[in-house]
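K.L.:
Provided below: query_20.cif, containing mmCIF, C-alpha atoms.
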data_data
loop_
_atom_site.group_PDB
_atom_site.id
_atom_site.type_symbol
_atom_site.label_atom_id
_atom_site.label_comp_id
_atom_site.auth_asym_id
_atom_site.auth_seq_id
_atom_site.Cartn_x
_atom_site.Cartn_y
_atom_site.Cartn_z
ATOM 1 C CA MET A 262 24.019 2.874 10.129
ATOM 2 C CA ARG A 263 22.160 5.771 11.719
ATOM 3 C CA GLY A 264 18.496 4.858 11.440
ATOM 4 C CA GLN A 265 15.956 2.049 11.195
ATOM 5 C CA GLY A 266 12.196 2.112 10.773
ATOM 6 C CA TYR A 267 9.464 -0.534 10.997
ATOM 7 C CA ASN A 268 5.748 -0.851 11.622
ATOM 8 C CA GLY A 269 4.311 -1.120 15.121
ATOM 9 C CA SER A 270 4.381 -4.893 15.520
ATOM 10 C CA ALA A 271 5.962 -6.251 18.709
ATOM 11 C CA THR A 272 8.365 -8.428 16.707
ATOM 12 C CA MET A 273 9.923 -5.368 15.069
ATOM 13 C CA ARG A 274 9.687 -2.656 17.763
ATOM 14 C CA GLY A 275 10.152 -4.836 20.872
ATOM 15 C CA GLN A 276 12.331 -3.035 23.416
ATOM 16 C CA PHE A 277 14.177 -6.167 24.553
ATOM 17 C CA ARG A 278 13.784 -8.916 21.902
ATOM 18 C CA GLY A 279 12.589 -6.933 18.893
ATOM 19 C CA VAL A 280 14.502 -6.545 15.659
ATOM 20 C CA GLN A 281 15.292 -2.902 16.423
ATOM 21 C CA ALA A 282 16.704 -3.882 19.847
ATOM 22 C CA SER A 283 18.948 -6.545 18.292
ATOM 23 C CA ILE A 284 20.297 -4.076 15.736
ATOM 24 C CA LYS A 285 20.774 -1.399 18.391
ATOM 25 C CA GLU A 286 22.947 -3.746 20.476
ATOM 26 C CA LYS A 287 25.486 -3.821 17.643
ATOM 27 C CA LEU A 288 24.842 -0.306 16.297
ATOM 28 C CA PRO A 289 23.817 2.006 19.174
ATOM 29 C CA LEU A 290 23.331 5.028 16.887
ATOM 30 C CA ALA A 291 20.779 3.256 14.682
ATOM 31 C CA LEU A 292 17.826 5.274 15.935
ATOM 32 C CA TYR A 293 14.479 3.473 15.687
ATOM 33 C CA THR A 294 11.547 5.443 14.292
ATOM 34 C CA HIS A 295 8.007 4.183 14.066
ATOM 35 C CA CYS A 296 6.617 4.303 10.508
ATOM 36 C CA SER A 297 4.804 7.638 10.169
ATOM 37 C CA SER A 298 2.130 6.169 7.903
ATOM 38 C CA HIS A 299 1.255 3.492 10.450
ATOM 39 C CA SER A 300 1.409 6.061 13.271
ATOM 40 C CA LEU A 301 -0.943 8.382 11.413
ATOM 41 C CA ASN A 302 -3.458 5.594 10.907
ATOM 42 C CA LEU A 303 -3.284 4.652 14.609
ATOM 43 C CA CYS A 304 -3.686 8.288 15.706
ATOM 44 C CA LEU A 305 -6.690 8.774 13.476
ATOM 45 C CA SER A 306 -8.250 5.570 14.730
ATOM 46 C CA ASP A 307 -7.715 6.602 18.363
ATOM 47 C CA ALA A 308 -9.025 10.081 17.583
ATOM 48 C CA SER A 309 -12.456 8.562 16.977
ATOM 49 C CA ASN A 310 -12.799 8.270 20.772
ATOM 50 C CA ILE A 311 -12.639 12.064 21.178
ATOM 51 C CA PRO A 312 -16.267 13.282 21.435
ATOM 52 C CA SER A 313 -15.885 16.332 19.178
ATOM 53 C CA ILE A 314 -14.207 14.362 16.357
ATOM 54 C CA ARG A 315 -16.608 11.456 16.771
ATOM 55 C CA ASN A 316 -19.600 13.801 16.541
ATOM 56 C CA CYS A 317 -18.088 15.617 13.546
ATOM 57 C CA MET A 318 -17.616 12.376 11.600
ATOM 58 C CA GLY A 319 -21.101 11.242 12.580
ATOM 59 C CA VAL A 320 -22.656 14.455 11.243
ATOM 60 C CA ILE A 321 -20.732 14.217 7.952
ATOM 61 C CA LYS A 322 -21.783 10.583 7.553
ATOM 62 C CA GLU A 323 -25.465 11.376 8.175
ATOM 63 C CA VAL A 324 -25.437 14.355 5.792
ATOM 64 C CA CYS A 325 -23.901 12.223 3.014
ATOM 65 C CA ARG A 326 -26.477 9.502 3.584
ATOM 66 C CA PHE A 327 -29.313 12.068 3.673
ATOM 67 C CA PHE A 328 -28.471 13.389 0.196
ATOM 68 C CA HIS A 329 -27.545 10.021 -1.341
ATOM 69 C CA MET A 330 -30.878 8.420 -0.382
ATOM 70 C CA SER A 331 -32.883 10.817 -2.566
ATOM 71 C CA ALA A 332 -32.326 11.806 -6.185
ATOM 72 C CA LYS A 333 -34.392 14.945 -5.613
ATOM 73 C CA ARG A 334 -32.188 16.100 -2.722
ATOM 74 C CA THR A 335 -29.044 15.262 -4.733
ATOM 75 C CA GLU A 336 -30.316 17.387 -7.614
ATOM 76 C CA MET A 337 -31.032 20.255 -5.234
ATOM 77 C CA LEU A 338 -27.462 20.099 -3.933
ATOM 78 C CA LYS A 339 -26.155 20.179 -7.511
ATOM 79 C CA LEU A 340 -28.188 23.349 -8.211
ATOM 80 C CA MET A 341 -26.837 25.033 -5.076
ATOM 81 C CA LEU A 342 -23.296 24.042 -6.038
ATOM 82 C CA SER A 343 -23.749 25.552 -9.505
ATOM 83 C CA ASP A 344 -24.929 28.841 -7.968
ATOM 84 C CA CYS A 345 -22.442 29.145 -5.076
ATOM 85 C CA CYS A 346 -19.384 27.238 -6.316
ATOM 86 C CA PRO A 347 -19.454 27.112 -10.124
ATOM 87 C CA GLU A 348 -15.740 26.226 -10.220
ATOM 88 C CA GLN A 349 -16.313 23.085 -8.109
ATOM 89 C CA LYS A 350 -15.984 20.012 -10.335
ATOM 90 C CA LYS A 351 -17.459 17.469 -7.931
ATOM 91 C CA LYS A 352 -21.232 17.748 -7.669
ATOM 92 C CA LYS A 353 -21.863 14.959 -5.151
ATOM 93 C CA LEU A 354 -20.733 14.254 -1.609
ATOM 94 C CA ILE A 355 -18.259 11.413 -1.059
ATOM 95 C CA SER A 356 -19.269 8.821 1.511
ATOM 96 C CA LEU A 357 -16.887 8.152 4.390
ATOM 97 C CA CYS A 358 -14.715 5.062 4.001
ATOM 98 C CA GLU A 359 -15.780 2.399 6.509
ATOM 99 C CA THR A 360 -12.477 0.539 6.778
ATOM 100 C CA ARG A 361 -9.582 3.024 6.634
ATOM 101 C CA TRP A 362 -9.512 6.295 8.526
ATOM 102 C CA VAL A 363 -6.762 7.728 6.327
ATOM 103 C CA GLU A 364 -9.059 7.430 3.292
ATOM 104 C CA ARG A 365 -11.664 9.736 4.852
ATOM 105 C CA HIS A 366 -9.770 12.953 4.169
ATOM 106 C CA ASP A 367 -11.262 13.290 0.674
ATOM 107 C CA SER A 368 -14.774 13.232 2.126
ATOM 108 C CA VAL A 369 -13.931 15.732 4.876
ATOM 109 C CA PHE A 370 -12.118 18.150 2.541
ATOM 110 C CA LEU A 371 -14.970 18.123 0.031
ATOM 111 C CA PHE A 372 -17.522 18.574 2.811
ATOM 112 C CA LYS A 373 -15.600 21.606 4.106
ATOM 113 C CA ASP A 374 -15.251 23.133 0.627
ATOM 114 C CA ILE A 375 -18.972 22.914 -0.205
ATOM 115 C CA LEU A 376 -20.290 23.534 3.311
ATOM 116 C CA GLU A 377 -22.208 26.649 2.275
ATOM 117 C CA PRO A 378 -24.175 24.923 -0.538
ATOM 118 C CA ILE A 379 -24.913 22.032 1.845
ATOM 119 C CA LEU A 380 -26.381 24.390 4.456
ATOM 120 C CA LEU A 381 -28.421 26.250 1.826
ATOM 121 C CA SER A 382 -29.781 22.958 0.505
ATOM 122 C CA LEU A 383 -30.740 21.810 3.998
ATOM 123 C CA LEU A 384 -32.452 25.140 4.717
ATOM 124 C CA LYS A 385 -34.401 24.926 1.468
ATOM 125 C CA ILE A 386 -35.527 21.385 2.290
ATOM 126 C CA GLU A 387 -36.587 22.646 5.728
ATOM 127 C CA GLU A 388 -38.921 25.192 4.134
ATOM 128 C CA GLU A 389 -40.697 22.520 2.140
ATOM 129 C CA SER A 390 -43.573 20.729 3.821
ATOM 130 C CA SER A 391 -42.265 17.204 3.361
ATOM 131 C CA ASP A 392 -41.194 14.250 5.505
ATOM 132 C CA SER A 393 -37.545 15.253 5.028
ATOM 133 C CA ALA A 394 -37.960 18.692 6.651
ATOM 134 C CA PRO A 395 -37.424 17.563 10.305
ATOM 135 C CA LYS A 396 -34.342 15.556 9.338
ATOM 136 C CA ALA A 397 -32.917 18.488 7.371
ATOM 137 C CA HIS A 398 -33.508 20.816 10.339
ATOM 138 C CA ALA A 399 -31.721 18.427 12.698
ATOM 139 C CA LEU A 400 -28.723 18.096 10.388
ATOM 140 C CA SER A 401 -28.387 21.842 9.749
ATOM 141 C CA SER A 402 -28.482 22.458 13.513
ATOM 142 C CA SER A 403 -25.829 19.791 14.127
ATOM 143 C CA ILE A 404 -23.273 21.233 11.716
ATOM 144 C CA ASN A 405 -20.793 23.359 13.614
ATOM 145 C CA PHE A 406 -17.670 24.967 12.181
ATOM 146 C CA LYS A 407 -15.588 24.192 15.224
ATOM 147 C CA TYR A 408 -15.686 20.483 14.417
ATOM 148 C CA LEU A 409 -14.060 21.078 11.060
ATOM 149 C CA SER A 410 -10.820 22.681 12.185
ATOM 150 C CA PHE A 411 -7.922 20.219 12.374
ATOM 151 C CA ALA A 412 -4.317 21.175 13.011
ATOM 152 C CA VAL A 413 -1.181 19.106 12.593
ATOM 153 C CA ALA A 414 2.038 20.608 14.036
ATOM 154 C CA SER A 415 5.490 19.579 12.847
ATOM 155 C CA LEU A 416 8.728 20.501 14.623
ATOM 156 C CA GLN A 417 11.793 20.063 12.430
ATOM 157 C CA HIS A 418 14.163 22.625 13.867
ATOM 158 C CA ILE A 419 17.127 21.824 11.689
ATOM 159 C CA LEU A 420 15.254 22.706 8.501
ATOM 160 C CA PRO A 421 15.676 26.300 7.269
ATOM 161 C CA GLU A 422 11.939 26.937 7.446
ATOM 162 C CA PHE A 423 11.982 26.478 11.247
ATOM 163 C CA CYS A 424 15.625 27.221 11.976
ATOM 164 C CA THR A 425 15.138 30.992 11.735
ATOM 165 C CA LYS A 426 12.439 30.871 14.443
ATOM 166 C CA THR A 427 14.225 28.772 17.044
ATOM 167 C CA ASP A 428 17.494 28.556 18.963
ATOM 168 C CA PHE A 429 20.183 25.966 19.593
ATOM 169 C CA TYR A 430 18.364 24.646 22.677
ATOM 170 C CA SER A 431 15.859 22.848 20.450
ATOM 171 C CA LEU A 432 18.733 20.905 18.792
ATOM 172 C CA GLU A 433 20.494 19.955 22.014
ATOM 173 C CA ALA A 434 18.808 16.536 22.231
ATOM 174 C CA ALA A 435 19.903 15.680 18.677
ATOM 175 C CA PHE A 436 23.426 16.887 19.434
ATOM 176 C CA ASN A 437 23.661 14.687 22.547
ATOM 177 C CA PHE A 438 22.466 11.617 20.629
ATOM 178 C CA TYR A 439 24.754 12.096 17.611
ATOM 179 C CA GLU A 440 27.691 13.488 19.572
ATOM 180 C CA GLU A 441 30.091 11.007 17.943
ATOM 181 C CA ASP A 442 29.281 12.368 14.468
ATOM 182 C CA LEU A 443 29.562 16.060 15.428
ATOM 183 C CA SER A 444 32.195 18.477 16.701
ATOM 184 C CA HIS A 445 32.363 20.042 20.159
ATOM 185 C CA LYS A 446 29.233 21.701 21.500
ATOM 186 C CA GLU A 447 30.695 25.219 21.302
ATOM 187 C CA VAL A 448 31.662 24.701 17.651
ATOM 188 C CA MET A 449 28.228 23.294 16.864
ATOM 189 C CA GLN A 450 26.502 26.204 18.588
ATOM 190 C CA SER A 451 28.565 28.795 16.713
ATOM 191 C CA GLU A 452 27.953 27.002 13.431
ATOM 192 C CA PHE A 453 24.211 26.942 14.112
ATOM 193 C CA MET A 454 24.204 30.718 14.726
ATOM 194 C CA LEU A 455 26.022 31.304 11.418
ATOM 195 C CA TRP A 456 23.595 28.989 9.612
ATOM 196 C CA LYS A 457 20.660 30.817 11.152
ATOM 197 C CA GLU A 458 22.123 34.219 10.187
ATOM 198 C CA LYS A 459 22.685 33.020 6.613
ATOM 199 C CA LEU A 460 19.095 31.840 6.287
ATOM 200 C CA SER A 461 17.601 34.966 7.840
ATOM 201 C CA GLN A 462 18.995 37.012 4.951
ATOM 202 C CA GLU A 463 16.926 35.084 2.408
ATOM 203 C CA LYS A 464 13.243 35.501 1.655
ATOM 204 C CA SER A 465 10.936 33.054 3.352
ATOM 205 C CA GLU A 466 9.501 31.789 0.056
ATOM 206 C CA ASN A 467 13.027 30.904 -1.138
ATOM 207 C CA LEU A 468 13.862 28.755 1.893
ATOM 208 C CA PRO A 469 14.010 24.997 1.175
ATOM 209 C CA LYS A 470 11.239 22.961 2.752
ATOM 210 C CA THR A 471 12.819 19.490 2.911
ATOM 211 C CA ALA A 472 16.086 17.977 4.119
ATOM 212 C CA ILE A 473 17.107 16.973 0.585
ATOM 213 C CA SER A 474 16.659 20.481 -0.804
ATOM 214 C CA SER A 475 18.393 21.933 2.287
ATOM 215 C CA LEU A 476 21.462 19.789 1.621
ATOM 216 C CA GLU A 477 21.819 21.427 -1.783
ATOM 217 C CA LYS A 478 22.058 24.869 -0.159
ATOM 218 C CA CYS A 479 24.305 23.821 2.711
ATOM 219 C CA ASP A 480 28.041 24.199 2.020
ATOM 220 C CA LYS A 481 29.786 21.212 3.576
ATOM 221 C CA THR A 482 33.038 23.179 3.962
ATOM 222 C CA PHE A 483 31.564 26.018 6.045
ATOM 223 C CA PHE A 484 28.776 24.047 7.798
ATOM 224 C CA PRO A 485 30.062 20.471 8.283
ATOM 225 C CA ASN A 486 27.953 19.746 11.390
ATOM 226 C CA ILE A 487 24.767 21.215 9.940
ATOM 227 C CA TYR A 488 25.392 19.192 6.790
ATOM 228 C CA THR A 489 25.745 16.033 8.893
ATOM 229 C CA LEU A 490 22.479 16.679 10.752
ATOM 230 C CA LEU A 491 20.631 17.388 7.512
ATOM 231 C CA LYS A 492 22.033 14.189 6.020
ATOM 232 C CA LEU A 493 20.896 12.208 9.061
ATOM 233 C CA LEU A 494 17.449 13.771 8.829
ATOM 234 C CA ALA A 495 17.250 12.875 5.146
ATOM 235 C CA VAL A 496 18.223 9.217 5.598
ATOM 236 C CA LEU A 497 16.220 8.440 8.731
ATOM 237 C CA PRO A 498 13.374 6.131 7.698
ATOM 238 C CA VAL A 499 10.072 7.862 8.378
ATOM 239 C CA SER A 500 7.740 5.549 6.460
ATOM 240 C CA VAL A 501 7.942 1.903 5.412
ATOM 241 C CA ALA A 502 4.613 1.796 3.591
ATOM 242 C CA THR A 503 6.302 2.179 0.196
ATOM 243 C CA VAL A 504 8.734 -0.631 0.980
ATOM 244 C CA GLU A 505 5.910 -2.912 2.049
ATOM 245 C CA ARG A 506 4.260 -2.464 -1.341
ATOM 246 C CA SER A 507 7.097 -4.561 -2.785
ATOM 247 C CA PHE A 508 5.479 -7.588 -1.097
ATOM 248 C CA SER A 509 2.582 -7.269 -3.524
ATOM 249 C CA SER A 510 5.024 -7.361 -6.424
ATOM 250 C CA LEU A 511 6.640 -10.531 -5.062
ATOM 251 C CA ARG A 512 3.249 -12.226 -4.903
ATOM 252 C CA ARG A 513 2.813 -11.573 -8.606
ATOM 253 C CA LEU A 514 6.363 -12.616 -9.490
ATOM 254 C CA LYS A 515 6.953 -15.733 -7.399
ATOM 255 C CA THR A 516 4.198 -17.846 -8.902
ATOM 256 C CA TYR A 517 3.846 -21.620 -9.007
ATOM 257 C CA LEU A 518 5.949 -21.794 -12.177
ATOM 258 C CA ARG A 519 8.742 -19.672 -10.641
ATOM 259 C CA ASN A 520 8.792 -21.347 -7.255
ATOM 260 C CA THR A 521 12.364 -22.637 -7.671
ATOM 261 C CA THR A 522 13.873 -19.451 -9.088
ATOM 262 C CA SER A 523 17.152 -18.258 -7.581
ATOM 263 C CA GLU A 524 17.318 -15.302 -5.209
ATOM 264 C CA ARG A 525 19.403 -13.248 -7.646
ATOM 265 C CA ARG A 526 16.897 -13.749 -10.459
ATOM 266 C CA LEU A 527 13.974 -12.975 -8.150
ATOM 267 C CA ASN A 528 15.628 -9.740 -6.987
ATOM 268 C CA GLY A 529 16.191 -8.704 -10.578
ATOM 269 C CA LEU A 530 12.585 -9.379 -11.559
ATOM 270 C CA ALA A 531 11.357 -7.504 -8.496
ATOM 271 C CA MET A 532 13.490 -4.462 -9.343
ATOM 272 C CA LEU A 533 12.173 -4.456 -12.909
ATOM 273 C CA SER A 534 8.589 -4.690 -11.687
ATOM 274 C CA ILE A 535 8.847 -2.077 -8.921
ATOM 275 C CA HIS A 536 10.864 0.458 -10.952
ATOM 276 C CA ARG A 537 8.994 -0.036 -14.193
ATOM 277 C CA ASP A 538 9.041 3.731 -14.808
ATOM 278 C CA ILE A 539 12.801 3.613 -15.535
ATOM 279 C CA LYS A 540 13.389 3.214 -19.252
ATOM 280 C CA ILE A 541 15.967 0.599 -20.283
ATOM 281 C CA ARG A 542 17.273 0.421 -23.850
ATOM 282 C CA ASP A 543 17.558 -2.937 -25.575
ATOM 283 C CA GLU A 544 21.188 -2.191 -26.449
ATOM 284 C CA GLU A 545 22.102 -1.939 -22.761
ATOM 285 C CA VAL A 546 20.608 -5.358 -22.044
ATOM 286 C CA LEU A 547 22.405 -6.927 -24.996
ATOM 287 C CA ASP A 548 25.751 -5.369 -24.027
ATOM 288 C CA LYS A 549 25.383 -6.667 -20.482
ATOM 289 C CA PHE A 550 24.426 -10.115 -21.754
ATOM 290 C CA VAL A 551 27.340 -10.303 -24.197
ATOM 291 C CA SER A 552 29.927 -9.022 -21.687
ATOM 292 C CA ALA A 553 29.392 -12.047 -19.407
ATOM 293 C CA PRO A 554 32.094 -14.748 -19.804
ATOM 294 C CA ARG A 555 30.754 -17.609 -21.923
ATOM 295 C CA ASN A 556 32.116 -20.545 -23.926
ATOM 296 C CA LEU A 557 30.426 -19.239 -27.069
ATOM 297 C CA ASP A 558 31.173 -15.923 -28.751
ATOM 298 C CA PHE A 559 28.228 -13.759 -29.711
ATOM 299 C CA VAL A 560 28.651 -11.863 -32.950
ATOM 300 C CA LEU A 561 26.193 -9.025 -33.524
#
Just give me the structure of the file as structure tokens.
P.N.:
Amino acid sequence: MRGQGYNGSATMRGQFRGVQASIKEKLPLALYTHCSSHSLNLCLSDASNIPSIRNCMGVIKEVCRFFHMSAKRTEMLKLMLSDCCPEQKKKKLISLCETRWVERHDSVFLFKDILEPILLSLLKIEEESSDSAPKAHALSSSINFKYLSFAVASLQHILPEFCTKTDFYSLEAAFNFYEEDLSHKEVMQSEFMLWKEKLSQEKSENLPKTAISSLEKCDKTFFPNIYTLLKLLAVLPVSVATVERSFSSLRRLKTYLRNTTSERRLNGLAMLSIHRDIKIRDEEVLDKFVSAPRNLDFVL
């Protein structure tokens, strides 16, 4: 076992009495990683305390409310969208989600894409002698492009996409942690240089982007250590959100009428419900059913 991942609760991630600590006592190489989906939600929630991001979200929220409160202003925005962005399918702004930060990206992306029609609509409302003119002027003055630039950096030095731009020093921490699974440092360093030279000869658009696709291009015979690191990167749990969705399936399966069902039967029903996209032929089920040892013989 080389990896374990949970959400941020103290019961799971506790350094001394948590589940990950108990597992690490028996399996020291089982590296604990915080679920990336939960981490992203926490980062976005904490980011609301940054003044620039807080102001940006406030401006977007007020602009959406300004257009949604008037059918006339909404129609004006639709006309500007038809003139400036005829290929844009959405003709209305999406309100910001009040409960989940991660659900706000649709609103922000759409706002950024149709920013020019929004500004033109606000300027046109400003020119009209109506009660909405001062509000439109305030909103158009508040919009600033610098609030709309967000950057997310990712450092995955073992992947071919980043391997050609870095050196072995960036992998030294991973080598020290997984030293038991790898060869000597000199061998690993030489192998990394050969791997880097091999990748530099390919076009950048042909380089694999994920650990799974990189494993397909990595020859285990010539690059055994690189193959091991890629395999570790591929199996390390980075998100448990998908696994937690199985709890919803169990709530639908373990009803009052199935309260005394066996664990084996419950696992089978859960697998059928979660992986419903996998097609199963009736003949396979019948063959499995008939092959079980029984007192009666089934004749088909």
K.L.:
Using atom CA of Glu466 of chain A and atom CA of Leu420 of chain A as the two end points, give the distance in Å to one decimal.
P.N.:
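Going from atom CA of Glu466 of chain A over to atom CA of Leu420 of chain A, I get 13.7 Å.
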K.L.:
Could you tell me how far atom CA of Glu348 of chain A lies from atom CA of Leu371 of chain A, in Å and to one decimal?
P.N.:
13.1 Å
K.L.:
Quick one: which residues end up in the PyMOL selection byres ((chain A and resi 496) around 12) for this structure, as a PyMOL selection string?
P.N.:
chain A and resi 262-266+291-292+294+471-473+476+489-495+497-500
K.L.:
Using the chain letters and residue numbers of this document, give as number ranges by chain the residues selected by the PyMOL selection byres ((chain A and resi 484) around 12).
P.N.:
A: 443-444, 448-457, 459, 475-476, 478-483, 485-491
K.L.:
Write a file of the just-selected residues containing C-alpha atoms, as a PDB file, keeping the file's coordinate frame.
P.N.:
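Saved as result-v6.pdb:
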ATOM      1  CA  LEU A 443      29.562  16.060  15.428  1.00  0.00           C
ATOM      2  CA  SER A 444      32.195  18.477  16.701  1.00  0.00           C
ATOM      3  CA  VAL A 448      31.662  24.701  17.651  1.00  0.00           C
ATOM      4  CA  MET A 449      28.228  23.294  16.864  1.00  0.00           C
ATOM      5  CA  GLN A 450      26.502  26.204  18.588  1.00  0.00           C
ATOM      6  CA  SER A 451      28.565  28.795  16.713  1.00  0.00           C
ATOM      7  CA  GLU A 452      27.953  27.002  13.431  1.00  0.00           C
ATOM      8  CA  PHE A 453      24.211  26.942  14.112  1.00  0.00           C
ATOM      9  CA  MET A 454      24.204  30.718  14.726  1.00  0.00           C
ATOM     10  CA  LEU A 455      26.022  31.304  11.418  1.00  0.00           C
ATOM     11  CA  TRP A 456      23.595  28.989   9.612  1.00  0.00           C
ATOM     12  CA  LYS A 457      20.660  30.817  11.152  1.00  0.00           C
ATOM     13  CA  LYS A 459      22.685  33.020   6.613  1.00  0.00           C
ATOM     14  CA  SER A 475      18.393  21.933   2.287  1.00  0.00           C
ATOM     15  CA  LEU A 476      21.462  19.789   1.621  1.00  0.00           C
ATOM     16  CA  LYS A 478      22.058  24.869  -0.159  1.00  0.00           C
ATOM     17  CA  CYS A 479      24.305  23.821   2.711  1.00  0.00           C
ATOM     18  CA  ASP A 480      28.041  24.199   2.020  1.00  0.00           C
ATOM     19  CA  LYS A 481      29.786  21.212   3.576  1.00  0.00           C
ATOM     20  CA  THR A 482      33.038  23.179   3.962  1.00  0.00           C
ATOM     21  CA  PHE A 483      31.564  26.018   6.045  1.00  0.00           C
ATOM     22  CA  PRO A 485      30.062  20.471   8.283  1.00  0.00           C
ATOM     23  CA  ASN A 486      27.953  19.746  11.390  1.00  0.00           C
ATOM     24  CA  ILE A 487      24.767  21.215   9.940  1.00  0.00           C
ATOM     25  CA  TYR A 488      25.392  19.192   6.790  1.00  0.00           C
ATOM     26  CA  THR A 489      25.745  16.033   8.893  1.00  0.00           C
ATOM     27  CA  LEU A 490      22.479  16.679  10.752  1.00  0.00           C
ATOM     28  CA  LEU A 491      20.631  17.388   7.512  1.00  0.00           C
TER      29      LEU A 491
END
K.L.:
Here's the selection I'm unsure about, the PyMOL selection byres ((chain A and resi 461) around 12); applied to the file above, which residues does it give, as an MDAnalysis selection string?
P.N.:
chainID A and resid 421:427 454:460 462:468
K.L.:
Return the single residue from A:Pro289, A:Asn316, A:Ala394, A:Gly269 that is closest to Asn302 of chain A, with distances computed using all atoms listed in the file.
P.N.:
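Residue with the minimum atom-to-atom distance to Asn302 of chain A: A:Gly269.
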K.L.:
Can you measure atom CA of Lys446 of chain A to atom CA of Gln281 of chain A for me? One decimal in Å is fine.
P.N.:
28.7 Å
K.L.:
Pick the closest to Ser368 of chain A from A:Ser382, A:Glu544, A:Pro554, A:Ile355: which is it, counting all atoms listed in the file?
P.N.:
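Smallest separation from Ser368 of chain A among the options: A:Ile355.
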K.L.:
Around the point (6.9, -12.3, -10.1) (coordinates from the file), which residues reach within 8 Å if we count all atoms listed in the file? Answer as a PDB file with C-alpha atoms, keeping the file's coordinate frame.
P.N.:
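This went into part.pdb:
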ATOM      1  CA  SER A 510       5.024  -7.361  -6.424  1.00  0.00           C
ATOM      2  CA  LEU A 511       6.640 -10.531  -5.062  1.00  0.00           C
ATOM      3  CA  ARG A 512       3.249 -12.226  -4.903  1.00  0.00           C
ATOM      4  CA  ARG A 513       2.813 -11.573  -8.606  1.00  0.00           C
ATOM      5  CA  LEU A 514       6.363 -12.616  -9.490  1.00  0.00           C
ATOM      6  CA  LYS A 515       6.953 -15.733  -7.399  1.00  0.00           C
ATOM      7  CA  THR A 516       4.198 -17.846  -8.902  1.00  0.00           C
ATOM      8  CA  ARG A 519       8.742 -19.672 -10.641  1.00  0.00           C
ATOM      9  CA  LEU A 527      13.974 -12.975  -8.150  1.00  0.00           C
ATOM     10  CA  LEU A 530      12.585  -9.379 -11.559  1.00  0.00           C
ATOM     11  CA  ALA A 531      11.357  -7.504  -8.496  1.00  0.00           C
ATOM     12  CA  SER A 534       8.589  -4.690 -11.687  1.00  0.00           C
TER      13      SER A 534
END
K.L.:
With 8 Å of padding per side, what axis-aligned box (centre and edge lengths, Å, one decimal) covers all the listed atoms of segment 291-296 of chain A? Give it as AutoDock Vina command-line options.
P.N.:
--center_x 13.7 --center_y 4.3 --center_z 13.2 --size_x 30.2 --size_y 18.2 --size_z 21.4
